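Source file upload_22.txt; content: compact mmCIF, N, CA and C atoms and all ligand atoms.
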```txt
# COMPACT_ATOMS: atom_id res chain seq x y z
N MET A 1 -16.63 12.24 -18.20
CA MET A 1 -15.19 12.49 -18.01
C MET A 1 -14.93 12.72 -16.52
N PRO A 2 -13.86 12.12 -15.97
CA PRO A 2 -13.60 12.31 -14.54
C PRO A 2 -13.25 13.76 -14.21
N ALA A 3 -13.59 14.15 -13.01
CA ALA A 3 -13.25 15.51 -12.56
C ALA A 3 -11.74 15.65 -12.44
N PRO A 4 -11.20 16.83 -12.71
CA PRO A 4 -9.75 17.01 -12.56
C PRO A 4 -9.35 16.91 -11.10
N PRO A 5 -8.07 16.57 -10.83
CA PRO A 5 -7.63 16.48 -9.44
C PRO A 5 -7.85 17.80 -8.70
N SER A 6 -8.27 17.70 -7.46
CA SER A 6 -8.45 18.89 -6.63
C SER A 6 -7.93 18.56 -5.24
N ALA A 7 -8.21 19.47 -4.29
CA ALA A 7 -7.75 19.25 -2.93
C ALA A 7 -8.33 17.96 -2.35
N ASN A 8 -9.49 17.54 -2.88
CA ASN A 8 -10.13 16.33 -2.35
C ASN A 8 -9.80 15.09 -3.17
N HIS A 9 -8.94 15.23 -4.18
CA HIS A 9 -8.58 14.10 -5.02
C HIS A 9 -7.09 13.83 -4.88
N THR A 10 -6.75 12.59 -4.94
CA THR A 10 -5.34 12.19 -4.97
C THR A 10 -5.14 11.32 -6.19
N VAL A 11 -4.15 11.65 -6.99
CA VAL A 11 -3.83 10.84 -8.16
C VAL A 11 -2.68 9.91 -7.78
N VAL A 12 -2.87 8.63 -7.99
CA VAL A 12 -1.80 7.66 -7.73
C VAL A 12 -1.50 6.91 -9.02
N TRP A 13 -0.26 6.54 -9.19
CA TRP A 13 0.15 5.74 -10.34
C TRP A 13 0.33 4.32 -9.86
N LEU A 14 -0.38 3.42 -10.48
CA LEU A 14 -0.29 2.04 -10.03
C LEU A 14 -0.04 1.11 -11.21
N GLN A 15 0.40 -0.09 -10.87
CA GLN A 15 0.68 -1.10 -11.89
C GLN A 15 -0.60 -1.40 -12.65
N PRO A 16 -0.52 -1.47 -14.01
CA PRO A 16 -1.72 -1.77 -14.78
C PRO A 16 -2.34 -3.11 -14.43
N GLU A 17 -1.50 -4.05 -13.95
CA GLU A 17 -2.01 -5.38 -13.62
C GLU A 17 -2.58 -5.45 -12.20
N ALA A 18 -2.52 -4.35 -11.46
CA ALA A 18 -3.01 -4.38 -10.08
C ALA A 18 -4.50 -4.70 -10.07
N PRO A 19 -4.94 -5.52 -9.10
CA PRO A 19 -6.37 -5.83 -9.03
C PRO A 19 -7.18 -4.60 -8.63
N ALA A 20 -8.45 -4.62 -8.99
CA ALA A 20 -9.33 -3.51 -8.60
C ALA A 20 -9.56 -3.55 -7.09
N LYS A 21 -9.77 -2.38 -6.51
CA LYS A 21 -10.03 -2.33 -5.07
C LYS A 21 -11.34 -3.05 -4.74
N PRO A 22 -11.28 -3.95 -3.76
CA PRO A 22 -12.53 -4.62 -3.35
C PRO A 22 -13.38 -3.70 -2.49
N ALA A 23 -14.58 -4.15 -2.20
CA ALA A 23 -15.46 -3.38 -1.32
C ALA A 23 -14.87 -3.34 0.09
N GLU A 24 -15.22 -2.29 0.82
CA GLU A 24 -14.76 -2.16 2.20
C GLU A 24 -15.23 -3.38 3.00
N GLY A 25 -14.34 -3.97 3.76
CA GLY A 25 -14.67 -5.15 4.56
C GLY A 25 -14.35 -6.46 3.87
N ALA A 26 -14.20 -6.44 2.54
CA ALA A 26 -13.84 -7.66 1.81
C ALA A 26 -12.36 -7.94 2.04
N PRO A 27 -11.91 -9.20 1.82
CA PRO A 27 -10.50 -9.51 2.03
C PRO A 27 -9.59 -8.61 1.19
N CYS A 28 -8.47 -8.20 1.78
CA CYS A 28 -7.50 -7.37 1.06
C CYS A 28 -6.93 -8.19 -0.10
N ASN A 29 -6.93 -7.60 -1.29
CA ASN A 29 -6.39 -8.29 -2.47
C ASN A 29 -5.09 -7.67 -2.96
N GLY A 30 -4.53 -6.74 -2.18
CA GLY A 30 -3.25 -6.16 -2.57
C GLY A 30 -3.36 -5.16 -3.71
N CYS A 31 -4.50 -4.49 -3.82
CA CYS A 31 -4.63 -3.49 -4.90
C CYS A 31 -3.66 -2.34 -4.69
N GLY A 32 -3.28 -2.08 -3.44
CA GLY A 32 -2.26 -1.09 -3.14
C GLY A 32 -2.75 0.34 -3.03
N LEU A 33 -4.04 0.57 -3.29
CA LEU A 33 -4.50 1.96 -3.36
C LEU A 33 -4.36 2.71 -2.03
N CYS A 34 -4.60 2.01 -0.90
CA CYS A 34 -4.50 2.70 0.38
C CYS A 34 -3.06 3.17 0.61
N CYS A 35 -2.10 2.29 0.36
CA CYS A 35 -0.69 2.61 0.64
C CYS A 35 -0.11 3.57 -0.41
N LEU A 36 -0.69 3.60 -1.60
CA LEU A 36 -0.25 4.56 -2.61
C LEU A 36 -0.83 5.94 -2.32
N SER A 37 -1.98 5.98 -1.63
CA SER A 37 -2.62 7.26 -1.33
C SER A 37 -1.90 7.98 -0.20
N GLU A 38 -1.63 7.27 0.88
CA GLU A 38 -0.89 7.84 2.01
C GLU A 38 -0.42 6.71 2.90
N PRO A 39 0.70 6.90 3.59
CA PRO A 39 1.21 5.82 4.43
C PRO A 39 0.38 5.66 5.70
N CYS A 40 0.28 4.42 6.18
CA CYS A 40 -0.34 4.15 7.47
C CYS A 40 0.64 4.61 8.56
N PRO A 41 0.26 4.55 9.84
CA PRO A 41 1.19 5.01 10.89
C PRO A 41 2.57 4.34 10.81
N LEU A 42 2.59 3.03 10.52
CA LEU A 42 3.89 2.36 10.37
C LEU A 42 4.61 2.88 9.13
N GLY A 43 3.86 3.09 8.07
CA GLY A 43 4.44 3.62 6.84
C GLY A 43 5.00 5.03 7.02
N VAL A 44 4.36 5.83 7.89
CA VAL A 44 4.88 7.18 8.17
C VAL A 44 6.28 7.07 8.77
N LEU A 45 6.45 6.09 9.66
CA LEU A 45 7.76 5.91 10.29
C LEU A 45 8.81 5.49 9.28
N VAL A 46 8.49 4.50 8.43
CA VAL A 46 9.51 3.99 7.51
C VAL A 46 9.68 4.89 6.30
N SER A 47 8.62 5.60 5.91
CA SER A 47 8.71 6.50 4.74
C SER A 47 9.25 7.88 5.13
N ARG A 48 9.10 8.21 6.43
CA ARG A 48 9.47 9.54 6.94
C ARG A 48 8.69 10.64 6.23
N ARG A 49 7.44 10.34 5.94
CA ARG A 49 6.55 11.36 5.39
C ARG A 49 5.11 10.94 5.68
N ARG A 50 4.24 11.93 5.68
CA ARG A 50 2.84 11.69 5.99
C ARG A 50 1.97 11.64 4.74
N LYS A 51 2.51 12.10 3.63
CA LYS A 51 1.72 12.15 2.39
C LYS A 51 2.44 11.39 1.29
N GLY A 52 1.67 11.02 0.28
CA GLY A 52 2.24 10.32 -0.86
C GLY A 52 2.33 8.83 -0.61
N ALA A 53 2.87 8.13 -1.60
CA ALA A 53 2.96 6.68 -1.52
C ALA A 53 3.92 6.24 -0.42
N CYS A 54 3.59 5.12 0.22
CA CYS A 54 4.48 4.57 1.25
C CYS A 54 5.72 3.96 0.60
N ALA A 55 6.86 4.25 1.18
CA ALA A 55 8.12 3.75 0.65
C ALA A 55 8.27 2.24 0.84
N ALA A 56 7.44 1.68 1.70
CA ALA A 56 7.57 0.24 1.98
C ALA A 56 6.73 -0.61 1.04
N LEU A 57 5.90 0.00 0.23
CA LEU A 57 5.02 -0.77 -0.64
C LEU A 57 5.83 -1.46 -1.75
N ARG A 58 5.54 -2.72 -1.97
CA ARG A 58 6.28 -3.51 -2.98
C ARG A 58 5.30 -4.15 -3.95
N TRP A 59 5.62 -4.06 -5.25
CA TRP A 59 4.82 -4.72 -6.28
C TRP A 59 5.44 -6.08 -6.57
N SER A 60 4.61 -7.11 -6.73
CA SER A 60 5.09 -8.44 -7.08
C SER A 60 4.55 -8.82 -8.45
N ASP A 61 5.45 -8.96 -9.44
CA ASP A 61 5.03 -9.44 -10.77
C ASP A 61 4.48 -10.85 -10.65
N ALA A 62 5.16 -11.67 -9.83
CA ALA A 62 4.77 -13.07 -9.71
C ALA A 62 3.36 -13.21 -9.14
N ASP A 63 3.03 -12.39 -8.17
CA ASP A 63 1.72 -12.51 -7.51
C ASP A 63 0.67 -11.60 -8.14
N GLY A 64 1.11 -10.63 -8.95
CA GLY A 64 0.16 -9.71 -9.57
C GLY A 64 -0.56 -8.85 -8.56
N ARG A 65 0.16 -8.45 -7.51
CA ARG A 65 -0.45 -7.63 -6.46
C ARG A 65 0.65 -6.91 -5.68
N TYR A 66 0.24 -5.95 -4.89
CA TYR A 66 1.17 -5.27 -3.99
C TYR A 66 1.21 -6.01 -2.66
N TRP A 67 2.35 -5.91 -2.01
CA TRP A 67 2.51 -6.43 -0.65
C TRP A 67 3.10 -5.32 0.21
N CYS A 68 2.79 -5.39 1.50
CA CYS A 68 3.45 -4.47 2.44
C CYS A 68 4.88 -4.97 2.64
N GLY A 69 5.84 -4.14 2.30
CA GLY A 69 7.24 -4.54 2.43
C GLY A 69 7.66 -4.77 3.86
N MET A 70 6.95 -4.17 4.82
CA MET A 70 7.31 -4.38 6.23
C MET A 70 6.91 -5.78 6.69
N VAL A 71 6.03 -6.43 5.94
CA VAL A 71 5.68 -7.82 6.22
C VAL A 71 6.44 -8.75 5.29
N ALA A 72 6.48 -8.40 4.00
CA ALA A 72 7.08 -9.30 3.00
C ALA A 72 8.60 -9.23 2.97
N ASP A 73 9.16 -8.06 3.23
CA ASP A 73 10.62 -7.89 3.11
C ASP A 73 11.11 -6.77 4.03
N PRO A 74 10.95 -6.96 5.35
CA PRO A 74 11.35 -5.87 6.26
C PRO A 74 12.83 -5.56 6.18
N ALA A 75 13.66 -6.56 5.87
CA ALA A 75 15.10 -6.30 5.77
C ALA A 75 15.37 -5.37 4.59
N GLY A 76 14.68 -5.61 3.47
CA GLY A 76 14.87 -4.77 2.30
C GLY A 76 14.41 -3.34 2.53
N VAL A 77 13.37 -3.18 3.35
CA VAL A 77 12.85 -1.83 3.61
C VAL A 77 13.72 -1.09 4.61
N THR A 78 14.11 -1.78 5.70
CA THR A 78 14.78 -1.09 6.79
C THR A 78 16.30 -1.23 6.76
N GLY A 79 16.80 -2.25 6.06
CA GLY A 79 18.25 -2.49 6.08
C GLY A 79 18.68 -3.30 7.28
N ILE A 80 17.72 -3.65 8.16
CA ILE A 80 18.04 -4.47 9.34
C ILE A 80 17.98 -5.94 8.91
N THR A 81 19.07 -6.68 9.10
CA THR A 81 19.12 -8.04 8.55
C THR A 81 19.26 -9.14 9.60
N HIS A 82 19.44 -8.79 10.88
CA HIS A 82 19.53 -9.84 11.90
C HIS A 82 18.25 -10.66 11.88
N PRO A 83 18.36 -12.00 11.76
CA PRO A 83 17.15 -12.83 11.62
C PRO A 83 16.12 -12.59 12.72
N TRP A 84 16.56 -12.47 13.98
CA TRP A 84 15.58 -12.29 15.05
C TRP A 84 14.89 -10.93 14.92
N ALA A 85 15.65 -9.92 14.48
CA ALA A 85 15.06 -8.60 14.32
C ALA A 85 14.07 -8.59 13.16
N VAL A 86 14.41 -9.30 12.07
CA VAL A 86 13.51 -9.38 10.92
C VAL A 86 12.20 -10.07 11.33
N ARG A 87 12.33 -11.17 12.11
CA ARG A 87 11.11 -11.87 12.58
C ARG A 87 10.27 -10.95 13.45
N ALA A 88 10.93 -10.20 14.33
CA ALA A 88 10.20 -9.31 15.23
C ALA A 88 9.52 -8.19 14.43
N LEU A 89 10.24 -7.66 13.44
CA LEU A 89 9.65 -6.59 12.62
C LEU A 89 8.43 -7.08 11.85
N THR A 90 8.56 -8.31 11.30
CA THR A 90 7.43 -8.87 10.55
C THR A 90 6.22 -9.04 11.45
N ALA A 91 6.45 -9.60 12.65
CA ALA A 91 5.34 -9.82 13.58
C ALA A 91 4.73 -8.50 14.00
N LEU A 92 5.59 -7.52 14.29
CA LEU A 92 5.09 -6.20 14.70
C LEU A 92 4.28 -5.57 13.58
N ALA A 93 4.81 -5.66 12.37
CA ALA A 93 4.13 -5.06 11.22
C ALA A 93 2.77 -5.70 11.00
N ARG A 94 2.72 -7.05 11.08
CA ARG A 94 1.44 -7.75 10.89
C ARG A 94 0.39 -7.26 11.87
N ARG A 95 0.82 -7.09 13.12
CA ARG A 95 -0.13 -6.65 14.13
C ARG A 95 -0.51 -5.18 13.92
N TRP A 96 0.51 -4.38 13.58
CA TRP A 96 0.30 -2.93 13.47
C TRP A 96 -0.63 -2.59 12.31
N ILE A 97 -0.45 -3.29 11.17
CA ILE A 97 -1.28 -2.95 10.01
C ILE A 97 -2.53 -3.82 9.97
N ALA A 98 -2.74 -4.64 11.03
CA ALA A 98 -3.93 -5.50 11.09
C ALA A 98 -4.00 -6.38 9.85
N SER A 99 -2.86 -7.02 9.52
CA SER A 99 -2.81 -7.92 8.37
C SER A 99 -3.83 -9.03 8.53
N GLY A 100 -4.53 -9.36 7.47
CA GLY A 100 -5.53 -10.42 7.51
C GLY A 100 -6.93 -9.91 7.77
N VAL A 101 -7.02 -8.64 8.19
CA VAL A 101 -8.33 -8.03 8.39
C VAL A 101 -8.79 -7.52 7.02
N GLY A 102 -10.08 -7.41 6.83
CA GLY A 102 -10.59 -6.97 5.53
C GLY A 102 -10.16 -5.55 5.19
N CYS A 103 -10.39 -5.20 3.93
CA CYS A 103 -10.03 -3.87 3.45
C CYS A 103 -10.75 -2.80 4.27
N ASP A 104 -9.97 -1.87 4.83
CA ASP A 104 -10.56 -0.82 5.66
C ASP A 104 -10.39 0.55 5.01
N ALA A 105 -10.06 0.55 3.71
CA ALA A 105 -9.81 1.82 3.02
C ALA A 105 -11.10 2.38 2.44
N ARG A 106 -11.49 3.57 2.93
CA ARG A 106 -12.67 4.23 2.37
C ARG A 106 -12.21 5.15 1.25
N LEU A 107 -12.08 4.58 0.07
CA LEU A 107 -11.61 5.35 -1.07
C LEU A 107 -12.63 5.25 -2.18
N ASP A 108 -12.93 6.37 -2.78
CA ASP A 108 -13.80 6.39 -3.95
C ASP A 108 -12.87 6.41 -5.15
N VAL A 109 -12.77 5.28 -5.82
CA VAL A 109 -11.75 5.12 -6.88
C VAL A 109 -12.32 5.49 -8.23
N GLN A 110 -11.54 6.27 -8.96
CA GLN A 110 -11.95 6.69 -10.30
C GLN A 110 -10.74 6.60 -11.20
N ALA A 111 -10.84 5.84 -12.28
CA ALA A 111 -9.72 5.72 -13.21
C ALA A 111 -9.62 6.99 -14.04
N VAL A 112 -8.41 7.43 -14.26
CA VAL A 112 -8.16 8.61 -15.09
C VAL A 112 -7.57 8.11 -16.40
N PRO A 113 -8.15 8.51 -17.56
CA PRO A 113 -7.61 8.02 -18.83
C PRO A 113 -6.18 8.49 -19.05
N PRO A 114 -5.35 7.68 -19.71
CA PRO A 114 -3.97 8.10 -19.97
C PRO A 114 -3.92 9.35 -20.82
N VAL A 115 -2.88 10.15 -20.60
CA VAL A 115 -2.72 11.40 -21.34
C VAL A 115 -1.77 11.14 -22.51
N ASP A 116 -2.18 11.55 -23.72
CA ASP A 116 -1.32 11.43 -24.90
C ASP A 116 -0.22 12.47 -24.82
N ARG A 117 1.00 12.06 -25.12
CA ARG A 117 2.11 13.02 -25.11
C ARG A 117 2.68 13.17 -26.50
S1 LIG B 201 -6.49 -2.67 2.35
FE1 LIG B 201 -7.93 -2.35 0.65
S2 LIG B 201 -7.13 -0.58 -0.49
FE2 LIG B 201 -5.47 -1.37 0.82
S3 LIG B 201 -4.32 -2.81 -0.47
FE3 LIG B 201 -5.84 -4.01 0.66
S4 LIG B 201 -7.60 -4.12 -0.71
FE4 LIG B 201 -6.32 -2.43 -1.46
S1 LIG B 202 0.63 -1.29 5.18
FE1 LIG B 202 2.84 -1.41 4.78
S2 LIG B 202 3.11 -0.64 2.66
FE2 LIG B 202 1.07 -0.01 3.37
S3 LIG B 202 1.33 2.05 4.19
FE3 LIG B 202 1.54 0.61 5.92
S4 LIG B 202 3.74 0.17 6.06
FE4 LIG B 202 3.36 1.09 4.05
```

Take the structure from the file and write it as structure tokens.
Amino acid sequence: MPAPPSANHTVVWLQPEAPAKPAEGAPCNGCGLCCLSEPCPLGVLVSRRRKGACAALRWSDADGRYWCGMVADPAGVTGITHPWAVRALTALARRWIASGVGCDARLDVQAVPPVDR
């Protein structure tokens, strides 16, 4: 049985269809666990918080994975809709979050069984 949540554990709620987290260094598959655990520096700015899930994280039913909203839909996250600003935000976000680099999240993932209510 998994250990109960403690100061060293974070419980996140994720889509049941989300892919399992790959090994560190493997290509990012959009499992979303890093961004659900805590926002990255860019996520701190857009979420206005340092803990909890990033407000910019977006789930895609079509793709069966999470995407960073600052890359996939910066206008939807920020409300800024000028095309040049959206392009600049996307480019900035890609560089800032090191998009395309392998998974850099050191997380020990443990599934918690659903609780009967
Ligand atoms: S960086 Fe890793 S933990 Fe974060 S979404 Fe990608 S695969 Fe998941
Ligand atoms: S990568 Fe994107 S969704 Fe994830 S924490 Fe950073 S800003 Fe938020």

Practice task
Step by step, measure atom-to-atom distances between ligand LIG 202 (chain B) and each residue using only C-alpha atoms and all ligand atoms, keep those at most 7 Å, then write them as a PyMOL selection string.
Solution key: chain A and resi 34-35+38-43+54-57+67-70+97

Exercise for the section: Residues up to 8 Å from ligand LIG 201 (chain B), counting only N, CA and C atoms and all ligand atoms: could you list those as a PyMOL selection string? Expected result: chain A and resi 19-36+66-68+101-107

Practice task
Have a look at atom N of A:Asp116 and atom CA of A:Trp13 and let me know their distance in Å, one decimal.
Solution key: 14.8 Å

Exercise for the section: Between atom CA of A:Ala111 and atom C of A:Thr10, measure the distance and give it in Å to one decimal. Expected result: 10.1 Å

Exercise for the section: Pick out the closest residue to A:Gly100 from this set: A:Pro16, A:Arg48, A:Asp63, A:Val71. Count only C-alpha atoms. Expected result: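 Among the listed residues, A:Val71 lies closest to A:Gly100.
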
Exercise for the section: State, in Å with one decimal place, the distance from atom N of A:Asp108 to atom N of A:Gln15. Expected result: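 Between atom N of A:Asp108 and atom N of A:Gln15 the gap is 16.9 Å.
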
Problem - Residue nearest A:Ala75 among A:His9, A:Ser99, A:Val46, A:Ser60 (counting only C-alpha atoms) - result: A:Val46

Practice task
Using DSSP on the backbone coordinates, identify the residues of stretch 45-99 of chain A assigned to helix (DSSP H, G or I); present them as a VMD selection string.
Solution key: chain A and resid 45 to 47 69 to 72 74 to 78 83 to 96

Exercise for the section: Name the residues of stretch 34-87 of chain A that fall into strand (DSSP E or B) according to DSSP on the backbone, using the chain letters and numbers of this document, as an MDAnalysis selection string. Expected result: chainID A and resid 57:60 65:68

Practice task
Could you tell me which of A:Val12, A:Gln110, A:Gly79, A:Leu92 comes closest to A:Ala53 if we count only C-alpha atoms?
Solution key: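 Checking each candidate against A:Ala53, we get A:Val12 as the closest.
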